[in-house]
>>> print(open('final_20.pdb').read())   # PDB, C-alpha atoms
MODEL        1
ATOM      1  CA  MET A1371      35.057  18.562 -25.008
ATOM      2  CA  ALA A1372      33.135  19.382 -28.208
ATOM      3  CA  MET A1373      34.303  16.023 -29.568
ATOM      4  CA  GLU A1374      33.081  14.386 -26.366
ATOM      5  CA  ALA A1375      29.695  16.066 -26.855
ATOM      6  CA  GLN A1376      29.175  14.463 -30.229
ATOM      7  CA  SER A1377      30.415  10.998 -29.384
ATOM      8  CA  ASP A1378      29.111  10.654 -25.829
ATOM      9  CA  PRO A1379      25.961  12.675 -25.050
ATOM     10  CA  LEU A1380      25.350  10.642 -21.876
ATOM     11  CA  GLY A1381      28.870  11.476 -20.703
ATOM     12  CA  LEU A1382      28.152  15.156 -21.327
ATOM     13  CA  THR A1383      24.992  14.855 -19.209
ATOM     14  CA  PHE A1384      26.805  13.129 -16.326
ATOM     15  CA  SER A1385      29.564  15.720 -16.537
ATOM     16  CA  ALA A1386      27.037  18.571 -16.303
ATOM     17  CA  LEU A1387      25.342  16.881 -13.312
ATOM     18  CA  ALA A1388      28.640  16.439 -11.441
ATOM     19  CA  ASP A1389      28.373  19.983 -10.068
ATOM     20  CA  PRO A1390      25.994  20.604  -7.116
ATOM     21  CA  THR A1391      25.191  24.166  -8.237
ATOM     22  CA  ARG A1392      24.136  22.919 -11.672
ATOM     23  CA  ARG A1393      21.902  20.271 -10.086
ATOM     24  CA  ALA A1394      20.398  22.999  -7.863
ATOM     25  CA  ILE A1395      19.745  25.175 -10.938
ATOM     26  CA  LEU A1396      17.872  22.273 -12.562
ATOM     27  CA  ALA A1397      15.814  21.785  -9.384
ATOM     28  CA  ARG A1398      14.980  25.523  -9.430
ATOM     29  CA  LEU A1399      13.956  25.368 -13.105
ATOM     30  CA  ALA A1400      11.713  22.384 -12.321
ATOM     31  CA  VAL A1401       9.608  24.832 -10.290
ATOM     32  CA  GLY A1402       9.435  27.314 -13.178
ATOM     33  CA  ASP A1403      11.462  29.101 -15.839
ATOM     34  CA  ALA A1404      13.988  31.676 -14.604
ATOM     35  CA  ASP A1405      16.481  34.071 -16.159
ATOM     36  CA  VAL A1406      20.056  34.795 -15.047
ATOM     37  CA  SER A1407      19.099  37.570 -12.598
ATOM     38  CA  GLU A1408      16.365  35.407 -11.035
ATOM     39  CA  LEU A1409      18.925  32.630 -10.562
ATOM     40  CA  MET A1410      21.617  34.934  -9.145
ATOM     41  CA  LYS A1411      19.666  35.909  -6.014
ATOM     42  CA  PRO A1412      18.807  32.515  -4.437
ATOM     43  CA  PHE A1413      22.233  31.056  -5.246
ATOM     44  CA  GLY A1414      24.193  34.115  -4.127
ATOM     45  CA  LEU A1415      26.407  33.800  -7.188
ATOM     46  CA  SER A1416      27.754  36.370  -9.620
ATOM     47  CA  GLN A1417      26.298  36.811 -13.092
ATOM     48  CA  PRO A1418      29.423  35.336 -14.836
ATOM     49  CA  THR A1419      29.372  32.265 -12.571
ATOM     50  CA  ILE A1420      25.679  31.592 -13.211
ATOM     51  CA  SER A1421      26.186  32.173 -16.941
ATOM     52  CA  LYS A1422      29.061  29.684 -17.005
ATOM     53  CA  HIS A1423      26.917  27.016 -15.334
ATOM     54  CA  LEU A1424      24.018  27.745 -17.698
ATOM     55  CA  LYS A1425      26.329  27.330 -20.678
ATOM     56  CA  VAL A1426      27.372  23.862 -19.466
ATOM     57  CA  LEU A1427      23.723  22.872 -18.882
ATOM     58  CA  GLU A1428      22.723  24.201 -22.303
ATOM     59  CA  ARG A1429      25.550  22.338 -24.056
ATOM     60  CA  ALA A1430      24.359  19.125 -22.349
ATOM     61  CA  GLY A1431      20.825  19.799 -23.654
ATOM     62  CA  LEU A1432      19.442  20.081 -20.106
ATOM     63  CA  ILE A1433      18.079  23.612 -20.556
ATOM     64  CA  THR A1434      16.917  25.830 -23.409
ATOM     65  CA  GLN A1435      16.800  29.574 -23.656
ATOM     66  CA  GLY A1436      13.386  31.115 -24.247
ATOM     67  CA  ARG A1437      12.588  34.680 -25.296
ATOM     68  CA  ASP A1438      10.047  36.809 -23.470
ATOM     69  CA  ALA A1439      10.406  40.560 -24.284
ATOM     70  CA  GLN A1440      13.613  41.626 -22.480
ATOM     71  CA  ARG A1441      13.908  38.403 -20.483
ATOM     72  CA  ARG A1442      15.824  35.299 -21.566
ATOM     73  CA  PRO A1443      14.194  32.691 -19.315
ATOM     74  CA  ARG A1444      15.822  29.289 -19.112
ATOM     75  CA  LYS A1445      13.636  26.219 -19.307
ATOM     76  CA  LEU A1446      14.370  22.700 -18.050
ATOM     77  CA  VAL A1447      14.691  19.998 -20.731
ATOM     78  CA  ALA A1448      14.157  16.592 -19.130
ATOM     79  CA  ALA A1449      15.023  14.290 -22.052
ATOM     80  CA  PRO A1450      18.694  13.769 -21.016
ATOM     81  CA  LEU A1451      17.500  12.945 -17.467
ATOM     82  CA  LYS A1452      15.293  10.229 -18.923
ATOM     83  CA  ASP A1453      18.439   8.800 -20.539
ATOM     84  CA  VAL A1454      20.171   8.894 -17.128
ATOM     85  CA  ALA A1455      17.258   7.034 -15.474
ATOM     86  CA  GLU A1456      17.198   4.471 -18.281
ATOM     87  CA  TRP A1457      20.925   3.972 -18.037
ATOM     88  CA  ALA A1458      20.704   3.310 -14.268
ATOM     89  CA  GLU A1459      17.663   1.005 -14.571
ATOM     90  CA  PRO A1460      19.464  -2.291 -15.466
ATOM     91  CA  TYR A1461      21.516  -1.923 -12.255
ATOM     92  CA  ARG A1462      18.345  -1.914 -10.148
ATOM     93  CA  ARG A1463      18.530  -5.696  -9.608
ATOM     94  CA  PHE A1464      21.907  -5.180  -7.900
ATOM     95  CA  TRP A1465      20.689  -2.734  -5.284
ATOM     96  CA  GLU A1466      17.423  -4.646  -4.836
ATOM     97  CA  ILE A1467      19.215  -8.001  -4.356
ATOM     98  CA  ARG A1468      21.249  -6.349  -1.635
ATOM     99  CA  LEU A1469      18.146  -5.035   0.109
ATOM    100  CA  ASP A1470      16.461  -8.464  -0.235
ATOM    101  CA  ARG A1471      19.461 -10.077   1.416
ATOM    102  CA  LEU A1472      19.404  -7.544   4.223
ATOM    103  CA  ASP A1473      15.681  -8.117   4.632
ATOM    104  CA  GLY A1474      16.200 -11.886   4.733
ATOM    105  CA  TYR A1475      18.995 -11.482   7.236
ATOM    106  CA  LEU A1476      16.891  -9.248   9.479
ATOM    107  CA  LYS A1477      13.963 -11.703   9.335
ATOM    108  CA  LYS A1478      16.291 -14.587  10.215
ATOM    109  CA  THR A1479      17.898 -12.707  13.077
ATOM    110  CA  GLY A1480      14.479 -11.536  14.209
ATOM    111  CA  ALA A1481      13.203 -15.153  14.261
ATOM    112  CA  LYS A1482      16.231 -16.237  16.262
ATOM    113  CA  GLU A1483      15.752 -13.402  18.705
ATOM    114  CA  LYS A1484      12.108 -14.424  19.218
ATOM    115  CA  LYS A1485      13.112 -18.075  19.716
ATOM    116  CA  ARG A1486      15.717 -17.033  22.235
ATOM    117  CA  ALA A1487      13.216 -14.803  24.008
ATOM    118  CA  ARG A1488      10.739 -17.707  24.238
ATOM    119  CA  LYS A1489      13.396 -20.035  25.723
ATOM    120  CA  THR A1490      14.432 -17.704  28.527
TER
ATOM    121  CA  MET B  21      38.669  16.633  -5.436
ATOM    122  CA  ALA B  22      39.000  14.907  -2.039
ATOM    123  CA  MET B  23      37.021  17.814  -0.563
ATOM    124  CA  GLU B  24      34.425  17.315  -3.294
ATOM    125  CA  ALA B  25      34.182  13.624  -2.339
ATOM    126  CA  GLN B  26      33.233  14.425   1.236
ATOM    127  CA  SER B  27      30.808  17.224   0.527
ATOM    128  CA  ASP B  28      29.183  15.925  -2.651
ATOM    129  CA  PRO B  29      29.124  12.116  -3.014
ATOM    130  CA  LEU B  30      26.489  12.346  -5.768
ATOM    131  CA  GLY B  31      28.758  14.714  -7.703
ATOM    132  CA  LEU B  32      31.593  12.223  -7.354
ATOM    133  CA  THR B  33      29.326   9.499  -8.762
ATOM    134  CA  PHE B  34      28.241  11.634 -11.744
ATOM    135  CA  SER B  35      31.854  12.597 -12.355
ATOM    136  CA  ALA B  36      32.911   8.921 -12.404
ATOM    137  CA  LEU B  37      30.053   8.078 -14.794
ATOM    138  CA  ALA B  38      30.997  10.877 -17.220
ATOM    139  CA  ASP B  39      33.558   8.623 -18.901
ATOM    140  CA  PRO B  40      32.293   5.974 -21.379
ATOM    141  CA  THR B  41      35.099   3.516 -20.523
ATOM    142  CA  ARG B  42      34.184   3.663 -16.840
ATOM    143  CA  ARG B  43      30.515   3.035 -17.654
ATOM    144  CA  ALA B  44      31.603   0.070 -19.820
ATOM    145  CA  ILE B  45      33.699  -1.299 -16.937
ATOM    146  CA  LEU B  46      30.630  -1.152 -14.662
ATOM    147  CA  ALA B  47      28.557  -2.968 -17.317
ATOM    148  CA  ARG B  48      31.273  -5.644 -17.518
ATOM    149  CA  LEU B  49      31.345  -6.030 -13.716
ATOM    150  CA  ALA B  50      27.551  -6.394 -13.708
ATOM    151  CA  VAL B  51      28.139  -9.698 -15.542
ATOM    152  CA  GLY B  52      30.684 -10.850 -12.963
ATOM    153  CA  ASP B  53      33.745  -9.808 -10.969
ATOM    154  CA  ALA B  54      36.936  -9.196 -12.944
ATOM    155  CA  ASP B  55      40.519  -8.202 -12.172
ATOM    156  CA  VAL B  56      42.726  -5.714 -14.037
ATOM    157  CA  SER B  57      44.087  -8.258 -16.544
ATOM    158  CA  GLU B  58      40.583  -9.569 -17.291
ATOM    159  CA  LEU B  59      39.449  -5.999 -17.946
ATOM    160  CA  MET B  60      42.477  -5.121 -20.109
ATOM    161  CA  LYS B  61      41.695  -7.615 -22.888
ATOM    162  CA  PRO B  62      38.105  -6.700 -23.883
ATOM    163  CA  PHE B  63      38.790  -2.976 -23.610
ATOM    164  CA  GLY B  64      42.129  -3.078 -25.403
ATOM    165  CA  LEU B  65      43.556  -0.710 -22.822
ATOM    166  CA  SER B  66      46.889  -0.693 -21.002
ATOM    167  CA  GLN B  67      47.188  -1.764 -17.380
ATOM    168  CA  PRO B  68      47.885   1.827 -16.124
ATOM    169  CA  THR B  69      44.853   3.179 -18.009
ATOM    170  CA  ILE B  70      42.524   0.509 -16.577
ATOM    171  CA  SER B  71      44.003   1.024 -13.093
ATOM    172  CA  LYS B  72      43.393   4.772 -13.335
ATOM    173  CA  HIS B  73      39.733   4.221 -14.254
ATOM    174  CA  LEU B  74      39.336   1.649 -11.456
ATOM    175  CA  LYS B  75      40.757   4.127  -8.958
ATOM    176  CA  VAL B  76      38.134   6.730  -9.969
ATOM    177  CA  LEU B  77      35.340   4.139  -9.710
ATOM    178  CA  GLU B  78      36.617   2.948  -6.326
ATOM    179  CA  ARG B  79      36.817   6.501  -4.956
ATOM    180  CA  ALA B  80      33.207   7.028  -6.045
ATOM    181  CA  GLY B  81      32.222   3.854  -4.150
ATOM    182  CA  LEU B  82      31.063   2.157  -7.374
ATOM    183  CA  ILE B  83      33.423  -0.817  -7.046
ATOM    184  CA  THR B  84      35.253  -2.671  -4.294
ATOM    185  CA  GLN B  85      38.381  -4.748  -4.432
ATOM    186  CA  GLY B  86      38.081  -8.366  -3.363
ATOM    187  CA  ARG B  87      40.863 -10.816  -2.581
ATOM    188  CA  ASP B  88      41.001 -14.298  -4.094
ATOM    189  CA  ALA B  89      44.478 -15.908  -3.779
ATOM    190  CA  GLN B  90      46.643 -13.998  -6.302
ATOM    191  CA  ARG B  91      43.693 -12.225  -7.933
ATOM    192  CA  ARG B  92      42.276  -8.853  -6.908
ATOM    193  CA  PRO B  93      38.833  -9.055  -8.505
ATOM    194  CA  ARG B  94      36.762  -5.906  -8.662
ATOM    195  CA  LYS B  95      33.107  -6.071  -7.702
ATOM    196  CA  LEU B  96      30.288  -3.712  -8.678
ATOM    197  CA  VAL B  97      28.707  -1.711  -5.823
ATOM    198  CA  ALA B  98      25.277  -0.529  -6.918
ATOM    199  CA  ALA B  99      24.347   1.747  -3.985
ATOM    200  CA  PRO B 100      25.562   5.000  -5.651
ATOM    201  CA  LEU B 101      23.576   4.057  -8.787
ATOM    202  CA  LYS B 102      20.459   3.803  -6.628
ATOM    203  CA  ASP B 103      21.182   7.376  -5.528
ATOM    204  CA  VAL B 104      21.465   8.413  -9.187
ATOM    205  CA  ALA B 105      18.111   6.785 -10.033
ATOM    206  CA  GLU B 106      16.472   8.398  -7.000
ATOM    207  CA  TRP B 107      17.903  11.783  -7.917
ATOM    208  CA  ALA B 108      16.492  11.528 -11.479
ATOM    209  CA  GLU B 109      13.083  10.231 -10.338
ATOM    210  CA  PRO B 110      11.407  13.612  -9.466
ATOM    211  CA  TYR B 111      12.124  14.779 -13.031
ATOM    212  CA  ARG B 112      10.132  11.871 -14.459
ATOM    213  CA  ARG B 113       6.953  13.978 -14.620
ATOM    214  CA  PHE B 114       8.749  16.357 -17.007
ATOM    215  CA  TRP B 115       9.666  13.752 -19.567
ATOM    216  CA  GLU B 116       6.309  11.966 -19.166
ATOM    217  CA  ILE B 117       4.319  15.197 -19.640
ATOM    218  CA  ARG B 118       6.218  15.693 -22.871
ATOM    219  CA  LEU B 119       5.402  12.177 -24.069
ATOM    220  CA  ASP B 120       1.738  12.650 -23.043
ATOM    221  CA  ARG B 121       1.600  15.823 -25.100
ATOM    222  CA  LEU B 122       3.154  14.058 -28.077
ATOM    223  CA  ASP B 123       0.702  11.196 -27.636
ATOM    224  CA  GLY B 124      -2.220  13.627 -27.480
ATOM    225  CA  TYR B 125      -0.938  15.405 -30.558
ATOM    226  CA  LEU B 126      -0.562  12.142 -32.484
ATOM    227  CA  LYS B 127      -4.083  11.021 -31.490
ATOM    228  CA  LYS B 128      -5.500  14.382 -32.577
ATOM    229  CA  THR B 129      -3.639  14.314 -35.889
ATOM    230  CA  GLY B 130      -4.590  10.664 -36.326
ATOM    231  CA  ALA B 131      -8.295  11.517 -35.798
ATOM    232  CA  LYS B 132      -8.043  14.343 -38.330
ATOM    233  CA  GLU B 133      -6.341  12.058 -40.821
ATOM    234  CA  LYS B 134      -9.159   9.491 -40.424
ATOM    235  CA  LYS B 135     -11.815  12.205 -40.853
ATOM    236  CA  ARG B 136     -10.068  13.452 -43.959
ATOM    237  CA  ALA B 137      -9.764   9.907 -45.306
ATOM    238  CA  ARG B 138     -13.505   9.383 -44.763
ATOM    239  CA  LYS B 139     -14.350  12.610 -46.604
ATOM    240  CA  THR B 140     -12.328  11.773 -49.694
TER
ENDMDL
END
>>> encode(input="final_20.pdb", output="structure tokens")
Amino acid sequence: MAMEAQSDPLGLTFSALADPTRRAILARLAVGDADVSELMKPFGLSQPTISKHLKVLERAGLITQGRDAQRRPRKLVAAPLKDVAEWAEPYRRFWEIRLDRLDGYLKKTGAKEKKRARKT
Amino acid sequence: MAMEAQSDPLGLTFSALADPTRRAILARLAVGDADVSELMKPFGLSQPTISKHLKVLERAGLITQGRDAQRRPRKLVAAPLKDVAEWAEPYRRFWEIRLDRLDGYLKKTGAKEKKRARKT
């Protein structure tokens, strides 16, 4: 896994995002920094479980740990998410082509329906 | 894992994308459909290894299997990648804020450098 981290940072990001709780933690941190105890309550999870998820997110570079007196607030780091968006971008033409085709199909069927309606 | 598939399709997508070989297979299929033997050569992988990766991609809905006489070409399905892009989109403001700040910093430093250059 440590090997994986060095050779495939994008893979490490995707792996961290594969868990719904970790994605929910990121969404929570997008609203504002939070420490372990602040994350425990809304998620209804134990301290070790939250800590385990935070470790995975930290290793993927998706969060950092701040220091604020006694608190250790976690902060969202968006850079790896930019890499995810940029990775997905070249595939856009594939999902847009599909929508274009559907749109074309619906227009064609719609035209036919109108024609049929006019005839009857 | 099957449970995971039903309850968290996005997680299944991220999990499939966590492997660099699977991402490379998707990039290859973006160029055109290919069957197992056509994928074996460029990747230098055995038939069982390729088949295993294809199974993961198929379960995540990222590819489909066509039928063309004796061939079973695999085709890219981009819909789950659209979901990935849409999931990442709300985080855009975080990475753009950071770039704005960097830009502002560079402009400020640049202005100072010019001032200093004028003085000397």
>>> closest_atom_pairs(input="final_20.pdb", of="chain A", to="chain B", cutoff="6 Å", atoms="all atoms listed in the file", output="tab-separated table")
residue	atom	partner	partner_atom	distance
A:Gly1381	CA	B:Ala38	CA	4.1
A:Phe1384	CA	B:Ala38	CA	4.8
A:Ser1385	CA	B:Ala38	CA	5.1
A:Ala1388	CA	B:Gly31	CA	4.1
A:Asp1389	CA	B:Gly31	CA	5.8
A:Ala1448	CA	B:Trp115	CA	5.3
A:Ala1449	CA	B:Trp115	CA	5.9
A:Ala1455	CA	B:Ala105	CA	5.5
A:Phe1464	CA	B:Ala98	CA	5.8
A:Trp1465	CA	B:Ala98	CA	5.3
>>> resolve_selection(input="final_20.pdb", expression="the PyMOL selection byres ((chain B and resi 52) around 9)", output="PyMOL selection string")
chain B and resi 48-51+53-54+94-96
>>> write_last_selection(input="final_20.pdb", atoms="C-alpha atoms", output="compact mmCIF listing (two decimals), in the frame of the given file")
# COMPACT_ATOMS: atom_id res chain seq x y z
CA ARG B 48 31.27 -5.64 -17.52
CA LEU B 49 31.34 -6.03 -13.72
CA ALA B 50 27.55 -6.39 -13.71
CA VAL B 51 28.14 -9.70 -15.54
CA ASP B 53 33.74 -9.81 -10.97
CA ALA B 54 36.94 -9.20 -12.94
CA ARG B 94 36.76 -5.91 -8.66
CA LYS B 95 33.11 -6.07 -7.70
CA LEU B 96 30.29 -3.71 -8.68
>>> atom_distance(input="final_20.pdb", atom1="atom CA of Phe1413 of chain A", atom2="atom CA of Ala80 of chain B")
26.4 Å
>>> calpha_fit_and_write(input="final_20.pdb", fixed="chain B", moving="chain A", output="JSON list (two decimals) with C-alpha atoms, keeping the file's coordinate frame")
[["chain", "number", "residue", "atom", "x", "y", "z"],
["A", 1371, "MET", "CA", 38.64, 16.65, -5.56],
["A", 1372, "ALA", "CA", 38.99, 14.97, -2.14],
["A", 1373, "MET", "CA", 37.01, 17.89, -0.70],
["A", 1374, "GLU", "CA", 34.40, 17.36, -3.40],
["A", 1375, "ALA", "CA", 34.20, 13.68, -2.42],
["A", 1376, "GLN", "CA", 33.24, 14.48, 1.14],
["A", 1377, "SER", "CA", 30.79, 17.26, 0.43],
["A", 1378, "ASP", "CA", 29.15, 15.94, -2.73],
["A", 1379, "PRO", "CA", 29.11, 12.13, -3.07],
["A", 1380, "LEU", "CA", 26.47, 12.33, -5.83],
["A", 1381, "GLY", "CA", 28.72, 14.71, -7.76],
["A", 1382, "LEU", "CA", 31.58, 12.22, -7.40],
["A", 1383, "THR", "CA", 29.32, 9.48, -8.80],
["A", 1384, "PHE", "CA", 28.22, 11.59, -11.79],
["A", 1385, "SER", "CA", 31.83, 12.56, -12.41],
["A", 1386, "ALA", "CA", 32.91, 8.90, -12.43],
["A", 1387, "LEU", "CA", 30.05, 8.02, -14.82],
["A", 1388, "ALA", "CA", 30.98, 10.81, -17.26],
["A", 1389, "ASP", "CA", 33.56, 8.55, -18.92],
["A", 1390, "PRO", "CA", 32.30, 5.88, -21.38],
["A", 1391, "THR", "CA", 35.12, 3.45, -20.50],
["A", 1392, "ARG", "CA", 34.20, 3.62, -16.82],
["A", 1393, "ARG", "CA", 30.54, 2.96, -17.63],
["A", 1394, "ALA", "CA", 31.65, 0.00, -19.78],
["A", 1395, "ILE", "CA", 33.75, -1.35, -16.89],
["A", 1396, "LEU", "CA", 30.68, -1.20, -14.62],
["A", 1397, "ALA", "CA", 28.61, -3.04, -17.26],
["A", 1398, "ARG", "CA", 31.34, -5.71, -17.44],
["A", 1399, "LEU", "CA", 31.41, -6.06, -13.64],
["A", 1400, "ALA", "CA", 27.62, -6.46, -13.63],
["A", 1401, "VAL", "CA", 28.22, -9.76, -15.45],
["A", 1402, "GLY", "CA", 30.79, -10.89, -12.86],
["A", 1403, "ASP", "CA", 33.83, -9.82, -10.87],
["A", 1404, "ALA", "CA", 37.03, -9.21, -12.85],
["A", 1405, "ASP", "CA", 40.61, -8.20, -12.09],
["A", 1406, "VAL", "CA", 42.80, -5.71, -13.96],
["A", 1407, "SER", "CA", 44.17, -8.27, -16.45],
["A", 1408, "GLU", "CA", 40.67, -9.60, -17.19],
["A", 1409, "LEU", "CA", 39.53, -6.03, -17.88],
["A", 1410, "MET", "CA", 42.55, -5.16, -20.04],
["A", 1411, "LYS", "CA", 41.78, -7.67, -22.80],
["A", 1412, "PRO", "CA", 38.18, -6.78, -23.80],
["A", 1413, "PHE", "CA", 38.84, -3.03, -23.55],
["A", 1414, "GLY", "CA", 42.18, -3.14, -25.36],
["A", 1415, "LEU", "CA", 43.63, -0.76, -22.79],
["A", 1416, "SER", "CA", 46.95, -0.71, -20.96],
["A", 1417, "GLN", "CA", 47.26, -1.76, -17.33],
["A", 1418, "PRO", "CA", 47.93, 1.85, -16.10],
["A", 1419, "THR", "CA", 44.88, 3.17, -17.98],
["A", 1420, "ILE", "CA", 42.58, 0.50, -16.54],
["A", 1421, "SER", "CA", 44.05, 1.05, -13.07],
["A", 1422, "LYS", "CA", 43.42, 4.79, -13.32],
["A", 1423, "HIS", "CA", 39.77, 4.21, -14.24],
["A", 1424, "LEU", "CA", 39.38, 1.66, -11.43],
["A", 1425, "LYS", "CA", 40.78, 4.17, -8.95],
["A", 1426, "VAL", "CA", 38.15, 6.74, -9.97],
["A", 1427, "LEU", "CA", 35.36, 4.13, -9.71],
["A", 1428, "GLU", "CA", 36.64, 2.98, -6.31],
["A", 1429, "ARG", "CA", 36.84, 6.55, -4.98],
["A", 1430, "ALA", "CA", 33.20, 7.05, -6.06],
["A", 1431, "GLY", "CA", 32.25, 3.88, -4.15],
["A", 1432, "LEU", "CA", 31.09, 2.16, -7.36],
["A", 1433, "ILE", "CA", 33.47, -0.81, -7.02],
["A", 1434, "THR", "CA", 35.30, -2.63, -4.24],
["A", 1435, "GLN", "CA", 38.44, -4.68, -4.37],
["A", 1436, "GLY", "CA", 38.13, -8.30, -3.28],
["A", 1437, "ARG", "CA", 40.94, -10.74, -2.47],
["A", 1438, "ASP", "CA", 41.09, -14.21, -3.96],
["A", 1439, "ALA", "CA", 44.59, -15.80, -3.64],
["A", 1440, "GLN", "CA", 46.75, -13.88, -6.15],
["A", 1441, "ARG", "CA", 43.80, -12.16, -7.81],
["A", 1442, "ARG", "CA", 42.36, -8.78, -6.82],
["A", 1443, "PRO", "CA", 38.91, -9.03, -8.41],
["A", 1444, "ARG", "CA", 36.82, -5.88, -8.57],
["A", 1445, "LYS", "CA", 33.18, -6.07, -7.62],
["A", 1446, "LEU", "CA", 30.34, -3.73, -8.62],
["A", 1447, "VAL", "CA", 28.75, -1.72, -5.79],
["A", 1448, "ALA", "CA", 25.31, -0.55, -6.88],
["A", 1449, "ALA", "CA", 24.37, 1.74, -3.97],
["A", 1450, "PRO", "CA", 25.58, 4.98, -5.66],
["A", 1451, "LEU", "CA", 23.60, 4.00, -8.79],
["A", 1452, "LYS", "CA", 20.48, 3.75, -6.64],
["A", 1453, "ASP", "CA", 21.18, 7.34, -5.55],
["A", 1454, "VAL", "CA", 21.47, 8.35, -9.23],
["A", 1455, "ALA", "CA", 18.11, 6.70, -10.06],
["A", 1456, "GLU", "CA", 16.47, 8.33, -7.04],
["A", 1457, "TRP", "CA", 17.88, 11.70, -7.97],
["A", 1458, "ALA", "CA", 16.48, 11.43, -11.53],
["A", 1459, "GLU", "CA", 13.07, 10.13, -10.38],
["A", 1460, "PRO", "CA", 11.38, 13.49, -9.53],
["A", 1461, "TYR", "CA", 12.09, 14.65, -13.10],
["A", 1462, "ARG", "CA", 10.09, 11.74, -14.52],
["A", 1463, "ARG", "CA", 6.90, 13.83, -14.68],
["A", 1464, "PHE", "CA", 8.70, 16.20, -17.08],
["A", 1465, "TRP", "CA", 9.64, 13.58, -19.64],
["A", 1466, "GLU", "CA", 6.29, 11.80, -19.22],
["A", 1467, "ILE", "CA", 4.28, 15.02, -19.69],
["A", 1468, "ARG", "CA", 6.17, 15.54, -22.93],
["A", 1469, "LEU", "CA", 5.37, 12.04, -24.14],
["A", 1470, "ASP", "CA", 1.70, 12.48, -23.11],
["A", 1471, "ARG", "CA", 1.53, 15.66, -25.15],
["A", 1472, "LEU", "CA", 3.09, 13.95, -28.14],
["A", 1473, "ASP", "CA", 0.65, 11.08, -27.73],
["A", 1474, "GLY", "CA", -2.28, 13.50, -27.53],
["A", 1475, "TYR", "CA", -1.02, 15.34, -30.57],
["A", 1476, "LEU", "CA", -0.64, 12.13, -32.57],
["A", 1477, "LYS", "CA", -4.15, 10.99, -31.59],
["A", 1478, "LYS", "CA", -5.57, 14.37, -32.61],
["A", 1479, "THR", "CA", -3.74, 14.39, -35.91],
["A", 1480, "GLY", "CA", -4.70, 10.77, -36.45],
["A", 1481, "ALA", "CA", -8.40, 11.61, -35.87],
["A", 1482, "LYS", "CA", -8.17, 14.50, -38.31],
["A", 1483, "GLU", "CA", -6.50, 12.31, -40.89],
["A", 1484, "LYS", "CA", -9.30, 9.73, -40.55],
["A", 1485, "LYS", "CA", -11.96, 12.45, -40.85],
["A", 1486, "ARG", "CA", -10.26, 13.80, -43.94],
["A", 1487, "ALA", "CA", -9.99, 10.31, -45.40],
["A", 1488, "ARG", "CA", -13.73, 9.74, -44.82],
["A", 1489, "LYS", "CA", -14.64, 13.03, -46.55],
["A", 1490, "THR", "CA", -12.70, 12.34, -49.74]]
>>> atom_distance(input="final_20.pdb", atom1="atom CA of Asp1405 of chain A", atom2="atom CA of Thr1434 of chain A")
11.0 Å
>>> atom_distance(input="final_20.pdb", atom1="atom CA of Val76 of chain B", atom2="atom CA of His1423 of chain A")
23.8 Å
>>> closest_residue(input="final_20.pdb", among="B:Gln90, B:Lys61, B:Thr69, B:Leu77", to="Arg42 of chain B", atoms="all atoms listed in the file")
B:Leu77
>>> resolve_selection(input="final_20.pdb", expression="the PyMOL selection byres ((chain B and resi 56) around 10)", output="list of chain:residue names")
B:Ala54, B:Asp55, B:Ser57, B:Glu58, B:Leu59, B:Met60, B:Lys61, B:Ser66, B:Gln67, B:Pro68, B:Thr69, B:Ile70, B:Ser71, B:Leu74, B:Arg91, B:Arg92, B:Pro93, B:Arg94
